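First the structure, in the form of structure tokens, and then the observations on it.
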Amino acid sequence: MSLDSKTPSGPMALRWSKHKQDSKLINPKNKRKYTVIVVGSGLAGSSAAATLSELGYKVKCFCFQDSPRRAHSIAAQGGINAAKNYQNDGDSVHRLFYDTVKGGDFRARESNVHRLAEESVNIIDQCAAQGVPFAREYGGGLANRSFGGAQVSRTFYARGQTGQQLLLGAYSALNKEVARGGVEMHTRSEMLEVVVVDGHAKGIITRDLMTGKIEAHAADTVLLCTGGYGNVFYLSTNAMGCNVTATWRAHRKGAYFANPCYTQIHPTCIPVSGDYQSKLTLMSESLRNDGRIWVPKNTKDIGKPAAQIPEADRDYFLERKYPSFGNLAPRDISSRAAKEACDAGLGVGPGGRGVYLDFAEAIGQFGQKTIAERYGNLFEMYEKITGESGYKQPMRIYPAVHYTMGGLWVDYNLMSSLPGLHVLGEANFSDHGANRLGASALMQGLADGYFVIPTTIAPYLVTQTPGSVTTSHREFTKALEDAQGRTNKFLNVKGKRSVDSFHRELGLLVWDKCGMARDKAGLTEALKRIPELREEFWSNVTVPGSSAAANPELEKAGRVADFMEFAELLCHDALDREESCGGHFRSEHQYDDGEAKRDDENYCYAAAWEHTGDLSKPKLNKEQLTFEEVHLSVRSYK
Amino acid sequence: MSLLNLQLKVWRQNQGQPGHFQDIQAREIPDHASFLEMMDIVNERLIQDGGDPVAFDHDCREGICGMCSMTINGIAHGPEKATTTCQLHMRKFRDGDTIWVEPFRAKAFPVVKDLMVNRSAFDRIQQAGGFVTVRTGAAPDANSILVGKEVADAAMDAAACIGCGACVASCKNASAMLFVSAKAGQLNSLPQGQPEKDRRTLGMVRQMDKEGFGNCTNQYECEAACPKEISVRWITKLNRDYALAAAKEAFVGVQEHAEGGD
């Protein structure tokens, strides 16, 4: 199948307006006849479900949590970008567009990014009107803060809980529509399968996580708003329930998976403290404004209290390598530098996987009180988790998986290569290229849900007769049987190892071979090891309990089984991409000074992988990326 | 890092059936582990021994999603102030301790399994008015609605609620007043929330009553247990907003009747 991105032509700044102008419309009376399934209730899912319901579509929304408000968008801390130029500092839609394309290391689709920048301003209006308590200035106007990768101040925020507040805003819009009868909400419902009828996505199979009941739901189109796949690494800053199941099952049914190797590793996380660890906690990047990052220069100092290591024996490696950006170098670069130091045996703390983030100098200069005012909540969180005070000794940090830029391939209308299946938010691939800038994830989730899909869903729906497929269709019957069969299969293995033990082993393997730095040898080894582990999983996993009741172990088994398959595609993609760009660093492709070396001549494409039925042989389809507005150049932060 | 040996008394229950406490030994638990990681270790061993792992709700494990919900030694989210169960760490316990682990108990929160409860009542309360009716795309420029910094900060204090239900679990009446007052209070104190203030207040309070939550008798256990330190002053505001809305409703109702007479 050829990849048609359906990108409009004409001047970049007019494309989205033109596309809206040219888009098909469905009259209000007919909208009521269409049913839309929305899977996921984070920023993208809640905003899409609420808005489509407002327009008159019948919406069914599903989430695996006990309430839509708990989706992991809630954990985003920093803020949301918008080209409002309220600061009068020269910001514009074009600048936000430019920064995002460059920040993504020239691997995003320009037209989509421009649309994102255009809609950013409407998001802020929408959220403010909903009563989202954004930070304000004394005059009552909205306040802004600065974020990485930009020279203007365009980030809107609500303390350190911006994701929470934006999600609660979208959740309130969703509640309004549930109350009105436009949205049927299904909580504690996990999607197990996409149902394809005559080549079109026409419904889903779900499992009720309270009763165990497996159910079929039909619709005229399906929207996946199911987030990223960071938990393939087991340890990440994602919530425990985040999973690849929805997008992976769709991939198996014909949706191409694009650029899975673009994973974002966040430099400021609390390090792993033991093998019992279940997740990693992110601490805001803002700490790097005042904290200095270092490791001992000599291995003989490892294990000594930080205070006993004299100044001359410390290596402030970011300041040394990137004198102009110093401790504020971008996420991918800072992360790799920390890894290098630890690989050289200079890491601090348990297991040697940590670097110091030291506030001694800032406390000396501004006093502890000022530092506490700036970062008090983060110091408290650090102390809760580690039992150490960041005021008395340096904090220890280490990079952790945070966000995934890759996802299901979508065209300009957010439709995947499986007709009728739309993909929104982190679950798709289109807007962040190989690296996402801070405060852009919230922007994309809400742009897709509030402003893009309400327009771009119509061109597909007008080609469909509403309600033409019901759950009595044999494809649904078959999908139900398959899902039940797979569920029983987990319970019937009756092996010796828990689901978690497999997930941990898979995560360590993928982190080791396809984490912050990748090379051919390691990836080849991973590609050999993953199928072996998968085979062991299916012959030796143990899942207690039954399928006819609440059973968290069974839920985990389904998710881990899909990660076991997805991990292989992740490594295939990383192996195929013989260049370094953004979050994908191939050790073979670097400049003499260790910086990432992009290969625009051969790899300026989005890799859209097609499932062939053989996990070891996915088929590569390429969408060539062209850059008309922002010229290809080397990112430098020296 | 040191290791702890603990005696757990864990509530076990299947949906619709009576429950009981089960004694579980939790040996050699690293004191750096979080409470939920301790439960993970316990479950891993139960699975190895062919037992039934303890079901509990959890998701983000960073104190923001509001999914975790255990009553530990009689206190919702355990002994540490302003801390959710997922952020509570084992170094707060001592070797040899006996720890009682129960679900959030309330009539309106029926047990799903073991420590998992159904808190959908909170969603239904929000559906009864916890929103501003604004259609997507119909919003004015954000800076055309000015909100004083103090007002915005206060609204944010209320909006910090994570909807975990610790307030209900800690109240002897299982009252949801702290939750409802925070949710209604955020919108009722902002200019955007004014047009629907009375409808919202009446709708949410009546839904709360319908769900089977108890009355507030001003014990303030809720504030003490709240992981986000929501102030009981929001309850005062809700009572005031409710009295006003109910009075207006009665008054307008009378007026309508009068006008509709002859």
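Just remember, in the structure tokens the first chain shown is A, the second B, etc., residues are 1-based per chain, and ligands are 1-based in the order shown.
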Open item on the list: Applying 12 Å and only C-alpha atoms, which residues near stretch 234-251 of chain B remain after dropping the ones on its own chain fewer than 6 positions away? List them as a PyMOL selection string.
Closed with: chain B and resi 154-155+157-159+161+175-189+194+196-206+215-220+222-223+257-258
Would you save the residues from that selection as a short mmCIF file (atom, residue, chain, number, x, y, z; two decimals), in the first residue's frame, using N, CA and C atoms?
```cif
data_model
loop_
_atom_site.label_atom_id
_atom_site.label_comp_id
_atom_site.auth_asym_id
_atom_site.auth_seq_id
_atom_site.Cartn_x
_atom_site.Cartn_y
_atom_site.Cartn_z
N ALA B 154 -6.45 30.53 44.87
CA ALA B 154 -7.39 29.82 45.74
C ALA B 154 -8.10 28.71 44.95
N ALA B 155 -8.49 29.04 43.72
CA ALA B 155 -9.15 28.03 42.89
C ALA B 155 -8.21 26.85 42.65
N ASP B 157 -5.88 25.85 44.69
CA ASP B 157 -5.81 25.06 45.93
C ASP B 157 -6.90 24.00 45.93
N ALA B 158 -8.11 24.40 45.53
CA ALA B 158 -9.23 23.45 45.51
C ALA B 158 -9.06 22.44 44.39
N ALA B 159 -8.55 22.92 43.24
CA ALA B 159 -8.42 22.06 42.06
C ALA B 159 -7.36 20.99 42.23
N CYS B 161 -7.28 18.71 44.28
CA CYS B 161 -7.92 17.44 44.69
C CYS B 161 -7.67 16.36 43.64
N SER B 175 -18.78 10.93 54.78
CA SER B 175 -19.26 12.11 54.05
C SER B 175 -18.29 12.47 52.93
N ALA B 176 -18.84 12.94 51.82
CA ALA B 176 -17.99 13.33 50.68
C ALA B 176 -17.89 14.85 50.58
N MET B 177 -18.17 15.54 51.68
CA MET B 177 -18.24 17.00 51.61
C MET B 177 -16.93 17.66 51.20
N LEU B 178 -15.79 17.13 51.65
CA LEU B 178 -14.53 17.78 51.29
C LEU B 178 -14.33 17.70 49.77
N PHE B 179 -14.56 16.51 49.22
CA PHE B 179 -14.42 16.33 47.78
C PHE B 179 -15.37 17.25 47.02
N VAL B 180 -16.65 17.17 47.35
CA VAL B 180 -17.65 17.94 46.60
C VAL B 180 -17.40 19.44 46.74
N SER B 181 -17.01 19.85 47.94
CA SER B 181 -16.80 21.29 48.16
C SER B 181 -15.58 21.79 47.38
N ALA B 182 -14.56 20.93 47.25
CA ALA B 182 -13.38 21.34 46.48
C ALA B 182 -13.74 21.46 45.01
N LYS B 183 -14.47 20.46 44.49
CA LYS B 183 -14.81 20.48 43.07
C LYS B 183 -15.74 21.64 42.74
N ALA B 184 -16.79 21.82 43.54
CA ALA B 184 -17.72 22.92 43.28
C ALA B 184 -17.05 24.25 43.57
N GLY B 185 -16.25 24.28 44.63
CA GLY B 185 -15.62 25.53 45.07
C GLY B 185 -14.68 26.12 44.03
N GLN B 186 -13.94 25.25 43.35
CA GLN B 186 -13.03 25.74 42.31
C GLN B 186 -13.82 26.56 41.28
N LEU B 187 -14.88 25.99 40.75
CA LEU B 187 -15.63 26.67 39.69
C LEU B 187 -16.50 27.80 40.25
N ASN B 188 -17.04 27.59 41.45
CA ASN B 188 -17.90 28.63 42.03
C ASN B 188 -17.14 29.90 42.38
N SER B 189 -15.81 29.79 42.54
CA SER B 189 -15.07 31.00 42.90
C SER B 189 -14.47 31.71 41.69
N GLN B 194 -19.62 31.45 37.29
CA GLN B 194 -20.75 32.15 37.91
C GLN B 194 -22.12 31.84 37.31
N GLU B 196 -23.52 29.31 36.13
CA GLU B 196 -24.15 28.04 36.49
C GLU B 196 -23.96 27.70 37.97
N LYS B 197 -23.57 28.68 38.77
CA LYS B 197 -23.19 28.40 40.15
C LYS B 197 -24.30 27.69 40.94
N ASP B 198 -25.51 28.19 40.85
CA ASP B 198 -26.60 27.60 41.65
C ASP B 198 -26.96 26.21 41.17
N ARG B 199 -27.10 26.09 39.88
CA ARG B 199 -27.40 24.77 39.30
C ARG B 199 -26.36 23.73 39.72
N ARG B 200 -25.09 24.16 39.59
CA ARG B 200 -23.97 23.26 39.91
C ARG B 200 -24.07 22.82 41.37
N THR B 201 -24.23 23.80 42.25
CA THR B 201 -24.20 23.51 43.67
C THR B 201 -25.34 22.57 44.05
N LEU B 202 -26.53 22.89 43.61
CA LEU B 202 -27.69 22.05 43.95
C LEU B 202 -27.53 20.65 43.35
N GLY B 203 -27.10 20.61 42.09
CA GLY B 203 -26.96 19.33 41.40
C GLY B 203 -25.95 18.42 42.08
N MET B 204 -24.79 18.97 42.39
CA MET B 204 -23.73 18.13 42.97
C MET B 204 -24.09 17.67 44.38
N VAL B 205 -24.65 18.57 45.17
CA VAL B 205 -24.98 18.19 46.55
C VAL B 205 -26.09 17.13 46.56
N ARG B 206 -27.07 17.30 45.71
CA ARG B 206 -28.17 16.32 45.68
C ARG B 206 -27.70 14.96 45.17
N ASN B 215 -23.61 12.64 56.20
CA ASN B 215 -23.57 14.08 56.42
C ASN B 215 -22.26 14.50 57.07
N CYS B 216 -21.94 15.77 56.93
CA CYS B 216 -20.72 16.32 57.55
C CYS B 216 -21.08 16.78 58.95
N THR B 217 -20.29 16.32 59.95
CA THR B 217 -20.53 16.81 61.31
C THR B 217 -19.30 17.54 61.84
N ASN B 218 -18.55 18.14 60.94
CA ASN B 218 -17.43 19.01 61.30
C ASN B 218 -16.38 18.39 62.22
N GLN B 219 -15.97 17.16 61.90
CA GLN B 219 -14.89 16.53 62.67
C GLN B 219 -13.53 16.82 62.05
N TYR B 220 -13.50 17.13 60.77
CA TYR B 220 -12.28 17.50 60.04
C TYR B 220 -11.26 16.38 59.89
N CYS B 222 -11.30 14.52 57.47
CA CYS B 222 -11.05 14.56 56.03
C CYS B 222 -9.83 15.41 55.71
N GLU B 223 -9.76 16.58 56.32
CA GLU B 223 -8.65 17.48 56.05
C GLU B 223 -7.33 16.86 56.50
N HIS B 257 -44.84 30.11 40.74
CA HIS B 257 -46.18 29.64 41.09
C HIS B 257 -47.16 30.82 41.09
N ALA B 258 -46.67 31.92 41.71
CA ALA B 258 -47.53 33.10 41.81
C ALA B 258 -47.87 33.62 40.41
#
```
Task: Contact set, chain A to chain B: 7 Å, only C-alpha atoms, as a PyMOL selection string - done: chain A and resi 51+54+67+70+72+74-75+124-126+128-131+133+135-142+172-173+175-176+178-179+210+238-241+276-278+281+384-386+450+498+544-545+550+552
Task: Å distance separating atom CA of B:Ile72 from atom CA of B:Cys226, one decimal place - done: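 It comes out at 13.9 Å.
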- [ ] May I have all residues of stretch 221-367 of chain A that DSSP, computed from the backbone, assigns to strand (DSSP E), given as number ranges by chain?
- [x] A: 221-224, 257-258, 263-269, 292-296, 314-315, 355-358
Task: helix (DSSP H, G or I) positions in stretch 189-429 of chain A, given as a count of residues only - done: 79
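Here atom CA of A:Gly78 is placed at a distance of 6.2 Å from atom CA of A:Thr162.
Comparing the minimum interatomic distances between A:Asn112 and each of A:Tyr412, A:Tyr603, A:Tyr229, A:Phe366, counting only C-alpha atoms, we find that A:Tyr412 sits nearest.
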Task: Nearest candidate to A:Thr211 (options A:Ala549, A:Leu424, A:Leu408, A:Ala306; using only C-alpha atoms) - done: A:Ala549
- [ ] Between atom CA of A:Ala48 and atom CA of A:Phe233, measure the distance and give it in Å to one decimal.
- [x]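 Atom CA of A:Phe233 lies 28.9 Å from atom CA of A:Ala48.
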Open item on the list: Quick one: residues within 7 Å of stretch 564-578 of chain A, only C-alpha atoms, excluding same-chain residues fewer than 2 positions away - as a list in words?
Closed with: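 My reading of the contact set: Val232, Trp248, Asn259, Pro260, Cys261, Cys514, Lys520, Leu523, Leu527, Ile530, Arg534, Val560, Ala561, Asp562 and Tyr603 of chain A.
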Based on the selection just made, write C-alpha atoms of those residues as a PDB file, in the first residue's frame.
```pdb
ATOM      1  CA  VAL A 232       8.157  -1.664  27.147  1.00  0.00           C
ATOM      2  CA  TRP A 248      -0.280  -3.040  18.874  1.00  0.00           C
ATOM      3  CA  ASN A 259       9.222   5.327  14.053  1.00  0.00           C
ATOM      4  CA  PRO A 260       9.020   3.210  17.229  1.00  0.00           C
ATOM      5  CA  CYS A 261      12.737   3.856  17.842  1.00  0.00           C
ATOM      6  CA  CYS A 514      17.829  -0.188  22.721  1.00  0.00           C
ATOM      7  CA  LYS A 520      24.180  -2.924  15.552  1.00  0.00           C
ATOM      8  CA  LEU A 523      20.291  -4.668  18.570  1.00  0.00           C
ATOM      9  CA  LEU A 527      16.450  -9.388  18.206  1.00  0.00           C
ATOM     10  CA  ILE A 530      13.330 -11.236  22.486  1.00  0.00           C
ATOM     11  CA  ARG A 534       8.537 -14.517  24.326  1.00  0.00           C
ATOM     12  CA  VAL A 560       3.169  -7.841  28.696  1.00  0.00           C
ATOM     13  CA  ALA A 561       2.424 -10.354  25.920  1.00  0.00           C
ATOM     14  CA  ASP A 562       1.956  -7.404  23.557  1.00  0.00           C
ATOM     15  CA  TYR A 603      16.995   8.615   6.295  1.00  0.00           C
TER      16      TYR A 603
END
```
